Structures are given as structure tokens and as C-alpha cells.
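Here is the file input.cif (mmCIF, C-alpha atoms).
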```
data_run
#
loop_
_atom_site.label_atom_id
_atom_site.label_comp_id
_atom_site.auth_asym_id
_atom_site.auth_seq_id
_atom_site.Cartn_x
_atom_site.Cartn_y
_atom_site.Cartn_z
CA MET A 287 23.29 -12.52 4.10
CA GLN A 288 24.54 -11.10 0.85
CA SER A 289 23.26 -7.77 -0.27
CA CYS A 290 21.49 -7.91 -3.59
CA THR A 291 22.96 -6.76 -6.86
CA LEU A 292 21.23 -3.63 -8.09
CA ARG A 293 20.09 -3.67 -11.67
CA ALA A 294 19.55 -0.65 -13.85
CA PRO A 295 16.01 0.58 -13.18
CA ARG A 296 13.38 0.77 -15.90
CA LEU A 297 10.37 3.02 -15.88
CA LEU A 298 6.98 1.66 -16.79
CA ARG A 299 4.27 4.27 -17.20
CA ALA A 300 0.57 3.72 -17.87
CA SER A 301 -2.23 6.01 -18.82
CA ILE A 302 -5.82 5.15 -18.09
CA SER A 303 -6.19 3.93 -21.67
CA SER A 304 -3.46 1.32 -21.25
CA THR A 305 -4.27 -2.10 -22.63
CA PHE A 306 -4.89 -5.08 -20.36
CA VAL A 307 -1.79 -7.03 -19.34
CA ALA A 308 -2.70 -10.68 -19.75
CA SER A 309 0.80 -12.07 -19.29
CA SER A 310 4.17 -10.90 -18.02
CA THR A 311 4.52 -8.78 -21.15
CA VAL A 312 3.82 -5.12 -20.40
CA SER A 313 1.81 -2.98 -22.79
CA VAL A 314 1.65 0.65 -21.70
CA SER A 315 1.30 4.15 -23.03
CA THR A 316 4.35 6.34 -22.62
CA ARG A 317 2.44 9.58 -23.02
CA ARG A 318 3.21 12.01 -20.20
CA LEU A 319 -0.02 13.36 -18.75
CA PHE A 320 1.26 15.50 -15.91
CA THR A 321 4.31 17.55 -15.09
CA PRO A 322 5.93 17.35 -11.66
CA ARG A 323 4.39 19.79 -9.24
CA ALA A 324 5.18 20.90 -5.73
CA HIS A 325 2.85 20.12 -2.87
CA PRO A 326 1.89 22.68 -0.24
CA ALA A 327 4.26 22.88 2.67
CA THR A 328 1.52 21.87 5.08
CA CYS A 329 -1.72 19.99 4.69
CA PRO A 330 -4.53 18.81 6.95
CA SER A 331 -4.70 15.04 7.24
CA HIS A 332 -6.18 12.08 9.06
CA CYS A 333 -5.94 8.34 9.31
CA SER A 334 -9.07 6.72 10.65
CA SER A 335 -7.06 3.89 12.17
CA ILE A 336 -4.37 5.48 14.33
CA GLY A 337 -4.26 5.21 18.08
CA ARG A 338 -2.39 6.99 20.86
CA ARG A 339 -0.22 9.90 19.81
CA PHE A 340 -0.73 9.07 16.15
CA SER A 341 -4.52 9.35 16.42
CA SER A 342 -6.66 11.82 14.53
CA SER A 343 -9.61 13.86 15.66
CA THR A 344 -11.60 12.66 12.65
CA THR A 345 -11.62 8.95 13.40
CA THR A 346 -14.66 7.16 11.99
CA SER A 347 -16.62 5.25 14.60
CA SER A 348 -18.61 2.08 14.01
CA SER A 349 -21.70 3.76 15.44
CA SER A 350 -21.86 6.08 12.45
CA SER A 351 -20.94 3.48 9.86
CA THR A 352 -24.44 3.12 8.41
CA SER A 353 -24.87 6.72 7.32
CA THR A 354 -21.23 7.03 6.29
CA THR A 355 -21.38 3.86 4.20
CA ILE A 356 -24.54 4.86 2.37
CA MET A 357 -23.17 8.31 1.60
CA SER A 358 -19.80 6.98 0.43
CA GLN A 359 -21.31 4.44 -1.92
CA LYS A 360 -23.49 7.11 -3.56
CA LEU A 361 -20.63 9.53 -4.16
CA PRO A 362 -19.80 10.11 -7.83
CA GLY A 363 -16.23 9.42 -8.91
CA ALA A 364 -15.32 13.11 -8.85
CA GLU A 365 -16.09 13.26 -5.14
CA LEU A 366 -14.16 10.09 -4.33
CA LEU A 367 -11.12 11.26 -6.32
CA ARG A 368 -11.16 15.05 -6.37
CA LYS A 369 -8.47 15.48 -9.01
CA PRO A 370 -6.15 13.23 -11.04
CA ALA A 371 -3.31 11.59 -9.13
CA ARG A 372 -0.20 9.87 -10.36
CA ILE A 373 0.89 6.88 -8.29
CA ALA A 374 4.35 5.30 -8.41
CA CYS A 375 5.20 1.87 -6.99
CA ILE A 376 8.93 1.48 -6.39
CA GLN A 377 9.99 -2.14 -6.87
CA LEU A 378 13.08 -1.71 -4.74
CA ALA A 379 16.13 -3.96 -4.60
CA SER A 380 17.11 -4.24 -0.93
CA GLY A 381 19.83 -6.09 0.93
CA ALA A 382 21.07 -6.68 4.46
CA ASP A 383 22.44 -3.16 5.08
CA LYS A 384 19.60 -1.06 6.53
CA ALA A 385 21.37 2.27 6.04
CA ALA A 386 22.10 1.44 2.40
CA ASN A 387 18.48 0.37 1.88
CA LEU A 388 17.21 3.66 3.29
CA ALA A 389 19.60 5.69 1.14
CA HIS A 390 18.60 3.75 -1.96
CA ALA A 391 14.91 4.18 -1.15
CA ARG A 392 15.43 7.94 -0.86
CA ASP A 393 17.02 8.07 -4.32
CA LYS A 394 14.11 6.17 -5.83
CA VAL A 395 11.44 8.24 -4.07
CA LEU A 396 13.06 11.41 -5.41
CA GLU A 397 13.22 9.85 -8.88
CA ALA A 398 9.55 8.91 -8.73
CA ALA A 399 8.59 12.46 -7.76
CA ARG A 400 10.99 14.58 -9.79
CA THR A 401 11.46 12.54 -12.94
CA HIS A 402 8.08 10.84 -13.19
CA GLY A 403 5.82 13.40 -11.54
CA ALA A 404 4.28 11.09 -8.94
CA ASN A 405 2.02 12.57 -6.26
CA ILE A 406 1.65 9.31 -4.32
CA VAL A 407 4.67 7.03 -3.92
CA VAL A 408 4.65 3.48 -2.53
CA LEU A 409 7.57 1.40 -1.24
CA PRO A 410 7.44 -2.40 -0.84
CA GLU A 411 6.93 -4.59 2.19
CA CYS A 412 10.05 -4.88 4.39
CA PHE A 413 11.94 -2.47 2.13
CA ASN A 414 14.57 -1.70 4.77
CA SER A 415 15.58 -5.29 5.50
CA PRO A 416 15.58 -8.86 4.22
CA TYR A 417 12.20 -10.53 4.59
CA GLY A 418 12.01 -13.44 7.02
CA CYS A 419 11.23 -14.44 10.59
CA ASP A 420 14.95 -14.59 11.37
CA PHE A 421 15.30 -10.92 10.44
CA PHE A 422 12.26 -9.27 12.01
CA PRO A 423 13.66 -8.86 15.57
CA SER A 424 17.10 -7.59 14.55
CA TYR A 425 15.73 -4.99 12.12
CA ALA A 426 12.76 -3.93 14.26
CA GLU A 427 12.35 -0.30 15.31
CA ARG A 428 10.30 1.25 18.09
CA LEU A 429 7.59 3.45 16.53
CA GLN A 430 5.16 4.31 19.33
CA PRO A 431 5.08 6.59 21.22
CA LEU A 432 6.99 9.10 19.10
CA PRO A 433 10.44 7.48 18.80
CA SER A 434 13.91 8.95 18.94
CA ALA A 435 16.07 8.98 15.82
CA ASP A 436 18.27 6.25 17.31
CA GLU A 437 15.27 4.01 17.94
CA ALA A 438 13.65 4.53 14.55
CA PRO A 439 16.01 5.53 11.73
CA SER A 440 13.52 4.28 9.13
CA TYR A 441 10.72 6.41 10.57
CA TYR A 442 12.77 9.59 10.29
CA ALA A 443 14.19 8.63 6.90
CA LEU A 444 10.68 8.12 5.50
CA ALA A 445 9.46 11.44 6.92
CA ALA A 446 12.44 13.20 5.34
CA MET A 447 11.91 11.46 1.98
CA ALA A 448 8.26 12.50 1.85
CA LYS A 449 9.10 16.12 2.66
CA GLU A 450 12.06 16.35 0.29
CA ALA A 451 10.10 14.80 -2.57
CA GLY A 452 6.86 16.64 -1.75
CA VAL A 453 4.74 13.49 -2.04
CA TYR A 454 2.38 11.33 -0.07
CA LEU A 455 4.61 8.39 0.84
CA VAL A 456 3.29 4.95 1.74
CA GLY A 457 6.45 3.68 3.35
CA GLY A 458 6.14 0.01 2.45
CA SER A 459 6.52 -1.78 5.75
CA ILE A 460 9.18 -2.22 8.41
CA PRO A 461 9.45 -4.53 11.43
CA GLU A 462 8.14 -2.73 14.53
CA LEU A 463 9.18 -3.34 18.14
CA ALA A 464 6.64 -2.69 20.89
CA GLY A 465 6.66 -3.38 24.62
CA ASP A 466 9.57 -4.43 26.81
CA GLY A 467 10.96 -7.56 28.41
CA ASP A 468 8.51 -10.44 28.48
CA ALA A 469 5.93 -8.17 26.87
CA THR A 470 8.03 -7.49 23.78
CA THR A 471 5.95 -7.69 20.62
CA TYR A 472 6.82 -7.39 16.94
CA TYR A 473 4.61 -6.15 14.11
CA ASN A 474 4.87 -5.74 10.35
CA THR A 475 4.03 -2.04 10.09
CA SER A 476 3.41 0.48 7.31
CA LEU A 477 3.84 4.23 7.88
CA THR A 478 2.26 6.84 5.61
CA PHE A 479 3.60 10.40 5.52
CA SER A 480 2.34 13.68 4.08
CA PRO A 481 4.27 15.96 1.69
CA ALA A 482 5.17 17.98 4.79
CA GLY A 483 6.78 14.90 6.38
CA ALA A 484 4.01 14.42 8.95
CA LEU A 485 2.87 10.94 9.92
CA LEU A 486 -0.65 10.33 8.64
CA CYS A 487 -1.22 6.68 9.38
CA THR A 488 0.21 3.56 10.99
CA HIS A 489 -1.04 0.21 9.71
CA ARG A 490 0.00 -3.03 11.36
CA LYS A 491 -0.47 -6.09 9.15
CA VAL A 492 -3.79 -7.58 10.19
CA HIS A 493 -3.55 -11.04 8.60
CA LEU A 494 -0.25 -12.80 9.23
CA PHE A 495 1.37 -14.86 6.48
CA ASP A 496 1.08 -18.43 7.77
CA ILE A 497 1.04 -20.97 4.94
CA ASP A 498 2.27 -24.50 4.31
CA ILE A 499 2.21 -25.73 0.72
CA PRO A 500 3.85 -29.17 0.78
CA GLY A 501 6.97 -29.38 -1.33
CA LYS A 502 6.81 -25.67 -2.17
CA ILE A 503 6.88 -23.22 0.73
CA ARG A 504 6.27 -23.10 4.46
CA PHE A 505 6.25 -19.73 6.21
CA LYS A 506 4.79 -18.68 9.55
CA GLU A 507 4.97 -14.99 10.40
CA SER A 508 3.09 -15.67 13.63
CA ASP A 509 6.19 -17.41 15.00
CA VAL A 510 7.57 -13.89 15.55
CA LEU A 511 4.97 -11.27 14.64
CA SER A 512 1.68 -10.25 16.20
CA PRO A 513 -1.27 -9.03 14.12
CA GLY A 514 -2.65 -5.52 13.96
CA ASN A 515 -6.28 -4.94 14.78
CA LYS A 516 -7.72 -2.19 12.59
CA VAL A 517 -8.74 -1.03 9.15
CA SER A 518 -6.49 1.81 7.95
CA ILE A 519 -8.03 4.61 5.89
CA VAL A 520 -6.02 7.75 5.12
CA GLU A 521 -7.38 11.11 3.99
CA LEU A 522 -5.22 12.79 1.34
CA PRO A 523 -6.81 16.26 1.35
CA GLU A 524 -6.21 17.13 -2.30
CA TYR A 525 -7.35 13.75 -3.60
CA GLY A 526 -9.57 11.76 -1.26
CA LYS A 527 -9.23 8.59 0.81
CA ILE A 528 -6.98 5.59 0.29
CA ALA A 529 -6.76 2.39 2.32
CA ILE A 530 -3.47 0.84 3.41
CA ALA A 531 -2.98 -2.89 3.95
CA ILE A 532 0.01 -5.23 3.71
CA CYS A 533 0.57 -8.26 1.47
CA TYR A 534 -1.44 -11.18 2.92
CA ASP A 535 -4.17 -8.71 3.91
CA ILE A 536 -5.20 -8.66 0.23
CA ARG A 537 -6.51 -12.23 0.47
CA PHE A 538 -9.32 -11.08 2.75
CA PRO A 539 -11.97 -9.25 0.72
CA GLU A 540 -13.85 -8.05 3.78
CA LEU A 541 -11.11 -5.56 4.66
CA ALA A 542 -11.12 -4.15 1.13
CA MET A 543 -14.91 -3.94 1.01
CA VAL A 544 -15.05 -2.00 4.28
CA ALA A 545 -12.48 0.48 2.96
CA ALA A 546 -14.24 0.90 -0.38
CA ARG A 547 -17.63 1.41 1.22
CA GLN A 548 -16.10 4.11 3.40
CA GLY A 549 -15.28 6.07 0.26
CA CYS A 550 -11.70 5.12 -0.71
CA PHE A 551 -10.69 5.65 -4.33
CA ALA A 552 -7.70 3.30 -4.06
CA LEU A 553 -6.48 0.30 -2.07
CA VAL A 554 -2.70 0.25 -1.60
CA TYR A 555 -0.87 -2.96 -0.71
CA PRO A 556 2.87 -3.07 -0.11
CA GLY A 557 3.54 -6.80 -0.42
CA ALA A 558 6.09 -9.52 -0.99
CA PHE A 559 4.43 -12.54 -2.56
CA ASN A 560 6.83 -15.39 -3.34
CA THR A 561 7.62 -17.33 -6.48
CA THR A 562 5.13 -20.07 -5.53
CA THR A 563 1.99 -18.05 -4.80
CA GLY A 564 2.97 -14.99 -6.82
CA PRO A 565 2.38 -16.37 -10.33
CA LEU A 566 -0.90 -17.92 -9.17
CA HIS A 567 -2.49 -15.18 -7.10
CA TRP A 568 -0.66 -11.81 -7.09
CA ARG A 569 -2.24 -10.25 -10.17
CA LEU A 570 -5.47 -12.19 -9.60
CA GLN A 571 -5.89 -10.76 -6.09
CA GLY A 572 -5.24 -7.23 -7.32
CA GLN A 573 -7.82 -7.60 -10.07
CA ALA A 574 -10.32 -9.24 -7.72
CA ARG A 575 -10.17 -6.45 -5.14
CA ALA A 576 -10.50 -3.85 -7.90
CA MET A 577 -13.42 -5.66 -9.53
CA ASP A 578 -15.27 -6.31 -6.27
CA ASN A 579 -15.04 -2.71 -5.13
CA GLN A 580 -14.69 -0.73 -8.38
CA VAL A 581 -11.68 1.22 -7.15
CA TYR A 582 -8.01 1.43 -8.08
CA VAL A 583 -5.62 -1.11 -6.55
CA ALA A 584 -1.83 -0.76 -6.28
CA LEU A 585 0.49 -3.64 -5.32
CA CYS A 586 4.15 -2.84 -4.60
CA SER A 587 6.67 -5.68 -4.29
CA PRO A 588 10.40 -5.80 -3.65
CA ALA A 589 12.57 -6.73 -6.60
CA ARG A 590 13.58 -10.38 -6.69
CA ASP A 591 16.95 -11.25 -5.15
CA THR A 592 17.84 -14.86 -5.91
CA SER A 593 20.73 -14.73 -3.43
CA ALA A 594 18.31 -14.06 -0.55
CA SER A 595 16.58 -16.74 1.51
CA TYR A 596 13.15 -15.48 0.38
CA HIS A 597 12.51 -14.88 -3.31
CA ALA A 598 9.96 -12.13 -3.90
CA TRP A 599 7.73 -12.44 -6.94
CA GLY A 600 8.08 -8.80 -7.99
CA HIS A 601 5.53 -7.77 -10.65
CA SER A 602 4.40 -4.57 -8.93
CA LEU A 603 1.22 -3.40 -10.64
CA VAL A 604 -1.69 -0.98 -10.70
CA VAL A 605 -5.23 -2.08 -11.57
CA ASP A 606 -8.12 0.19 -12.56
CA PRO A 607 -11.74 -0.04 -11.29
CA MET A 608 -12.71 -2.24 -14.27
CA ALA A 609 -9.98 -4.71 -13.17
CA GLN A 610 -7.72 -3.90 -16.11
CA VAL A 611 -4.01 -4.04 -15.29
CA LEU A 612 -2.72 -0.62 -16.27
CA VAL A 613 0.95 -1.39 -15.71
CA GLU A 614 2.98 -4.34 -14.41
CA ALA A 615 6.68 -4.85 -13.77
CA ASP A 616 8.75 -7.97 -14.18
CA GLU A 617 10.93 -9.22 -11.29
CA ASN A 618 13.68 -6.58 -11.57
CA GLU A 619 14.10 -3.25 -9.84
CA THR A 620 11.96 -0.60 -11.51
CA ILE A 621 9.33 2.07 -10.94
CA VAL A 622 5.80 1.53 -12.22
CA VAL A 623 3.64 4.60 -12.71
CA ALA A 624 -0.06 5.00 -13.43
CA ASP A 625 -2.50 7.89 -13.56
CA LEU A 626 -5.70 7.67 -11.52
CA VAL A 627 -8.76 9.62 -12.66
CA ALA A 628 -12.28 9.99 -11.30
CA ASP A 629 -13.93 9.38 -14.66
CA LYS A 630 -12.86 5.73 -14.67
CA ILE A 631 -14.44 5.12 -11.28
CA GLU A 632 -17.65 6.83 -12.37
CA GLU A 633 -17.74 5.06 -15.74
CA THR A 634 -17.27 1.66 -14.10
CA ARG A 635 -19.91 2.21 -11.44
CA LYS A 636 -22.46 3.52 -13.93
CA GLY A 637 -21.88 0.66 -16.35
CA ILE A 638 -21.95 -2.06 -13.69
CA PRO A 639 -23.94 -0.53 -10.81
CA LEU A 640 -22.98 -2.97 -8.05
CA ARG A 641 -23.43 -0.34 -5.34
CA ASP A 642 -27.16 -0.11 -6.16
CA GLN A 643 -27.65 -3.84 -6.69
CA ARG A 644 -26.24 -5.33 -3.49
CA ARG A 645 -28.88 -7.26 -1.52
CA PHE A 646 -28.21 -6.43 2.10
CA ASP A 647 -31.70 -7.68 2.83
CA VAL A 648 -30.39 -11.14 1.89
CA TYR A 649 -26.84 -11.01 3.31
CA PRO A 650 -25.07 -8.63 5.71
CA ASP A 651 -23.00 -5.57 4.83
CA VAL A 652 -19.62 -6.20 6.47
CA SER A 653 -18.97 -2.45 6.70
CA GLU A 654 -21.96 -2.01 9.02
CA GLY A 655 -20.66 -4.45 11.63
CA PRO A 656 -18.37 -3.62 14.56
CA VAL A 657 -15.46 -2.52 12.36
CA LYS A 658 -12.32 -1.43 14.22
CA TYR A 659 -10.66 1.76 13.03
CA THR A 660 -8.41 2.11 16.10
CA GLU A 661 -6.22 -0.36 17.98
#
```
Is it possible to express this structure as C-alpha cells?
Amino acid sequence: MQSCTLRAPRLLRASISSTFVASSTVSVSTRRLFTPRAHPATCPSHCSSIGRRFSSSTTTSSSSSTSTTIMSQKLPGAELLRKPARIACIQLASGADKAANLAHARDKVLEAARTHGANIVVLPECFNSPYGCDFFPSYAERLQPLPSADEAPSYYALAAMAKEAGVYLVGGSIPELAGDGDATTYYNTSLTFSPAGALLCTHRKVHLFDIDIPGKIRFKESDVLSPGNKVSIVELPEYGKIAIAICYDIRFPELAMVAARQGCFALVYPGAFNTTTGPLHWRLQGQARAMDNQVYVALCSPARDTSASYHAWGHSLVVDPMAQVLVEADENETIVVADLVADKIEETRKGIPLRDQRRFDVYPDVSEGPVKYTE
């Protein structure tokens, strides 16, 4: 496998007033709204979906979902998103050398934080390796229980990046090894770290990418990977809650609706759509999840490497609660940046009051069912 050729990165920045991107042409504001700021050395945190040693004492249970859901849906935007946040999606060019990928990711995370003032930074799906069933086992790392540095170089690299940059880091995804011998299992797993370098959340891809489009693409993650079994919601104390899911998870609106009705201000999807489904559905899915739930949505893809066996679509983007695309990349390595503000959530929900108009006397509320927040 050849490593990809790195292209000179470009920065794309959007303000909330950015115009809608209706094609691959990007129209953004370049006005700088925030200056880089340091995060506190320590912060309280929780992920409502972590089990075992990664679990939190504030896990949401399904038995309390009714009251929690009602309260979350009635919250004004300022309580969902406590203060403005700047999110950066790093459309990373990765190759076959894991150590080189991790070093390159560190450089880009620091750039996102120090040059562009991001508070929340997102890496793409399988950022530390090529994407493909042939690669998952050889690049997999043991993540639970707490791994050693030899077992999980990506885990420790991500923790160090988050701490050095002083950001909340959604670490894309990496192949995870679990079990031993005949019980060996592989997952596609995203790790989220605090500005102090503490693990906040582990999300295993719930919906595996199994598709067969004749004459175009056939891919079956389930040949190697096993699915995760939980909704992942992370508390960022300064800002509010975000939900983490991976790529194909975005095609299932139930997961997004549960997260939104539990009070998330943003849905974050590291992903790697391909050049067949990407132009058809990537932006559409991002806009649909934003429109359905009236929250921000961020999609972070790898850069496209035409020398690789799998060609990622690229086009990392951020969508606002009115389903306007604030910023979108092309296929090349870059960083896309957007500012998230509570007023846009509140404005959208007041203008189109879906939360007060849903007819749960006619159809069920998926967030009130037996939702799993732990493995």
C-alpha cells in the first residue's frame, strides 16, 4: 500500500451567517470571531454510553428517559449550548504508516487549535490507517480495559494531542481489538478526550457498512467487524452535550433523534463515504439529520487518496440547525471550521416549532423506548 501524497492544506472558515453551499463551490465568511483560548487543566466530564472502566457515574438510564426527554426538548438554545464553540473538522490525508499518520494528525490538531482557535476538534474515520476489511485486524489496538502504550499507541497519541492542544478531541475512529483467541472481536471505535487528555467516551460503530451496488461498489464491514450496541452522548462541561456516531450510523435517523431529544446541541460523525454514495448522500444526510433535529451536524472525512484501494469522498462539512451548510471542503486535505451559537438553535426551534408539534399520541417517540446507553 502506497502512502498518500500530502497536499498543501487550505483553511475553510464559516460564520453562522455563511451562505448555503448548494454545490461543491464553497462560500464562507473569513471573519475571525474568536481568538484561541486555553482550556482549564481539568474538567468534569461524562459519556452516557461508556461501560466498564470507561463508565461514568452520570449515565442516563432508559427508566428516566421520559422526564429527561421532555425537559431536554423544552430547553432554550442557550441551555443546550451554554456558550459559543468553534468546531474544526480535519480532513486528514493518511497512508499506510500508522506512526506517520499519528504524527501528522498531531500537527493538524495543533494547527486547528492554535491557528484557528478551535475548541472542539474532529478527526476522520480510520485516520490512523487505510480503510478496508483487509486492514482492520493488522491496525487494530486493544482499548479496554485501560491499555498499555504498546497495545494502543493511537489511544495515547490522541490523549496527548487533546492535552497539548487544550481541546475536546473526537478522535475519528480506529480499529479496536477485543477478546482473545477464538473470541477475538474487532470494532470500528471512536475515542473522545477532554482538554486534560482524559477519555470521555468510547463509541463503537453501531451500524456496519454492508452495501452492494451492482457495478459500483461492494463492501461488507461485517466480514471482519462487530457492531457496537449503544448511543453515545458526551457532556462537554463548558458547552453542553454532543453525540458521537460513525459514518454509516448517519443513515439511521433514530439514533440521531434519540441524541437530540436527550439535549445534544451537535451530532458529530467521523465518516468515510466513498465516491459512489458520497456525491449522492453525504451532504444530504448531514442536512437531513440537522433538519430533523434542529441541531448542528459535523461530518469529518479523510482526504481522498486515489492511490488507495478505497477512495474517500472527502467534503467534510458543518451544517446548522436550519440545515444550511456553513462550510464544506473539496476532496483534498484541509481543515474546515465553523462557529456554533445558541441563538441559531433557538431561532430555528421558535420559527419551526417541531418539538411542540410532534404527535406522540399518533406514533411512538423512539427516545422513550428501551434505549441503550451502555454496552
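Taken over the shown file, the PyMOL selection byres ((chain A and resi 449) around 9) identifies Ala327, Leu444, Ala445, Ala446, Met447, Ala448, Glu450, Ala451, Gly452, Val453, Tyr454, Phe479, Ser480, Pro481, Ala482, Gly483 and Ala484 of chain A.
Selection result for the displayed file, with the PyMOL selection byres ((chain A and resi 600) around 8) as criterion, is Gln377, Ala558, Phe559, Cys586, Ser587, Pro588, Ala589, Arg590, Ala598, Trp599, His601, Ser602, Ala615, Asp616, Glu617 and Asn618 of chain A.
Interatomic distance, CA of Leu612 in chain A to CA of Ala624 in chain A: 6.8 Å.
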*Taking into account all atoms listed in the file, which residue in the set A:Met608, A:Val395, A:Val492, A:Ala435 is nearest to Lys630 in chain A?*
A:Met608
List every protein, DNA or RNA residue with an atom no more than 10 Å from (-12.7, -9.0, 7.5) in the file's coordinates, counting all atoms listed in the file, and format the result as a CSV table (one decimal) with C-alpha atoms, keeping the file's coordinate frame.
```csv
chain,number,residue,atom,x,y,z
A,492,VAL,CA,-3.8,-7.6,10.2
A,493,HIS,CA,-3.6,-11.0,8.6
A,516,LYS,CA,-7.7,-2.2,12.6
A,517,VAL,CA,-8.7,-1.0,9.2
A,535,ASP,CA,-4.2,-8.7,3.9
A,537,ARG,CA,-6.5,-12.2,0.5
A,538,PHE,CA,-9.3,-11.1,2.8
A,539,PRO,CA,-12.0,-9.2,0.7
A,540,GLU,CA,-13.8,-8.0,3.8
A,541,LEU,CA,-11.1,-5.6,4.7
A,542,ALA,CA,-11.1,-4.2,1.1
A,543,MET,CA,-14.9,-3.9,1.0
A,544,VAL,CA,-15.0,-2.0,4.3
A,652,VAL,CA,-19.6,-6.2,6.5
A,653,SER,CA,-19.0,-2.4,6.7
A,657,VAL,CA,-15.5,-2.5,12.4
```
*Do you know which residues are at most 9 Å from Asn515 in chain A counting only C-alpha atoms, after dropping those on the same chain fewer than 6 positions away, and could you put them as number ranges by chain?*
A: 489-492, 658-661
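If you measure from each of A:Val407, A:Val581, A:Ala529, A:Ile503 to Glu633 in chain A using all atoms listed in the file, the closest one turns out to be A:Val581.
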*Pick out the closest residue to Ala398 in chain A from this set: A:Ala531, A:Leu585, A:Ile621, A:Ala594. Count all atoms listed in the file.*
A:Ile621
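If you look at CA of Lys394 in chain A and CA of Thr620 in chain A, they are 9.1 Å away from each other.
When only C-alpha atoms are used to compute distances to Val583 in chain A, the closest of the residues A:Leu640, A:Ile499, A:Ala389, A:Cys375 turns out to be A:Cys375.
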*Within 8 Å of range 549-555 of chain A, counting all atoms listed in the file, which residues show up once you throw out same-chain ones fewer than 6 positions away? Write them as a list of chain:residue names, please.*
A:Thr355, A:Ser358, A:Gln359, A:Leu361, A:Leu366, A:Leu367, A:Ile519, A:Gly526, A:Lys527, A:Ile528, A:Ala529, A:Ile530, A:Ala531, A:Ile532, A:Cys533, A:Ile536, A:Ala542, A:Val581, A:Tyr582, A:Val583, A:Ala584, A:Leu585, A:Cys586, A:Ile631
Residues selected by the PyMOL selection byres ((chain A and resi 423) around 8), written as a tab-separated table (two decimals) with C-alpha atoms, in the frame of the given file:
```tsv
chain	number	residue	atom	x	y	z
A	419	CYS	CA	11.23	-14.44	10.59
A	420	ASP	CA	14.95	-14.59	11.37
A	421	PHE	CA	15.30	-10.92	10.44
A	422	PHE	CA	12.26	-9.27	12.01
A	424	SER	CA	17.10	-7.59	14.55
A	425	TYR	CA	15.73	-4.99	12.12
A	426	ALA	CA	12.76	-3.93	14.26
A	461	PRO	CA	9.45	-4.53	11.43
A	463	LEU	CA	9.18	-3.34	18.14
A	472	TYR	CA	6.82	-7.39	16.94
A	510	VAL	CA	7.57	-13.89	15.55
```
*Ref. answer, residues at most 6 Å from (1.4, -1.2, -14.1) with all atoms listed in the file, as a PyMOL selection string*: chain A and resi 603-604+612-614+622
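The spacing separating CA of Gly363 in chain A from CA of Pro656 in chain A amounts to 26.9 Å.
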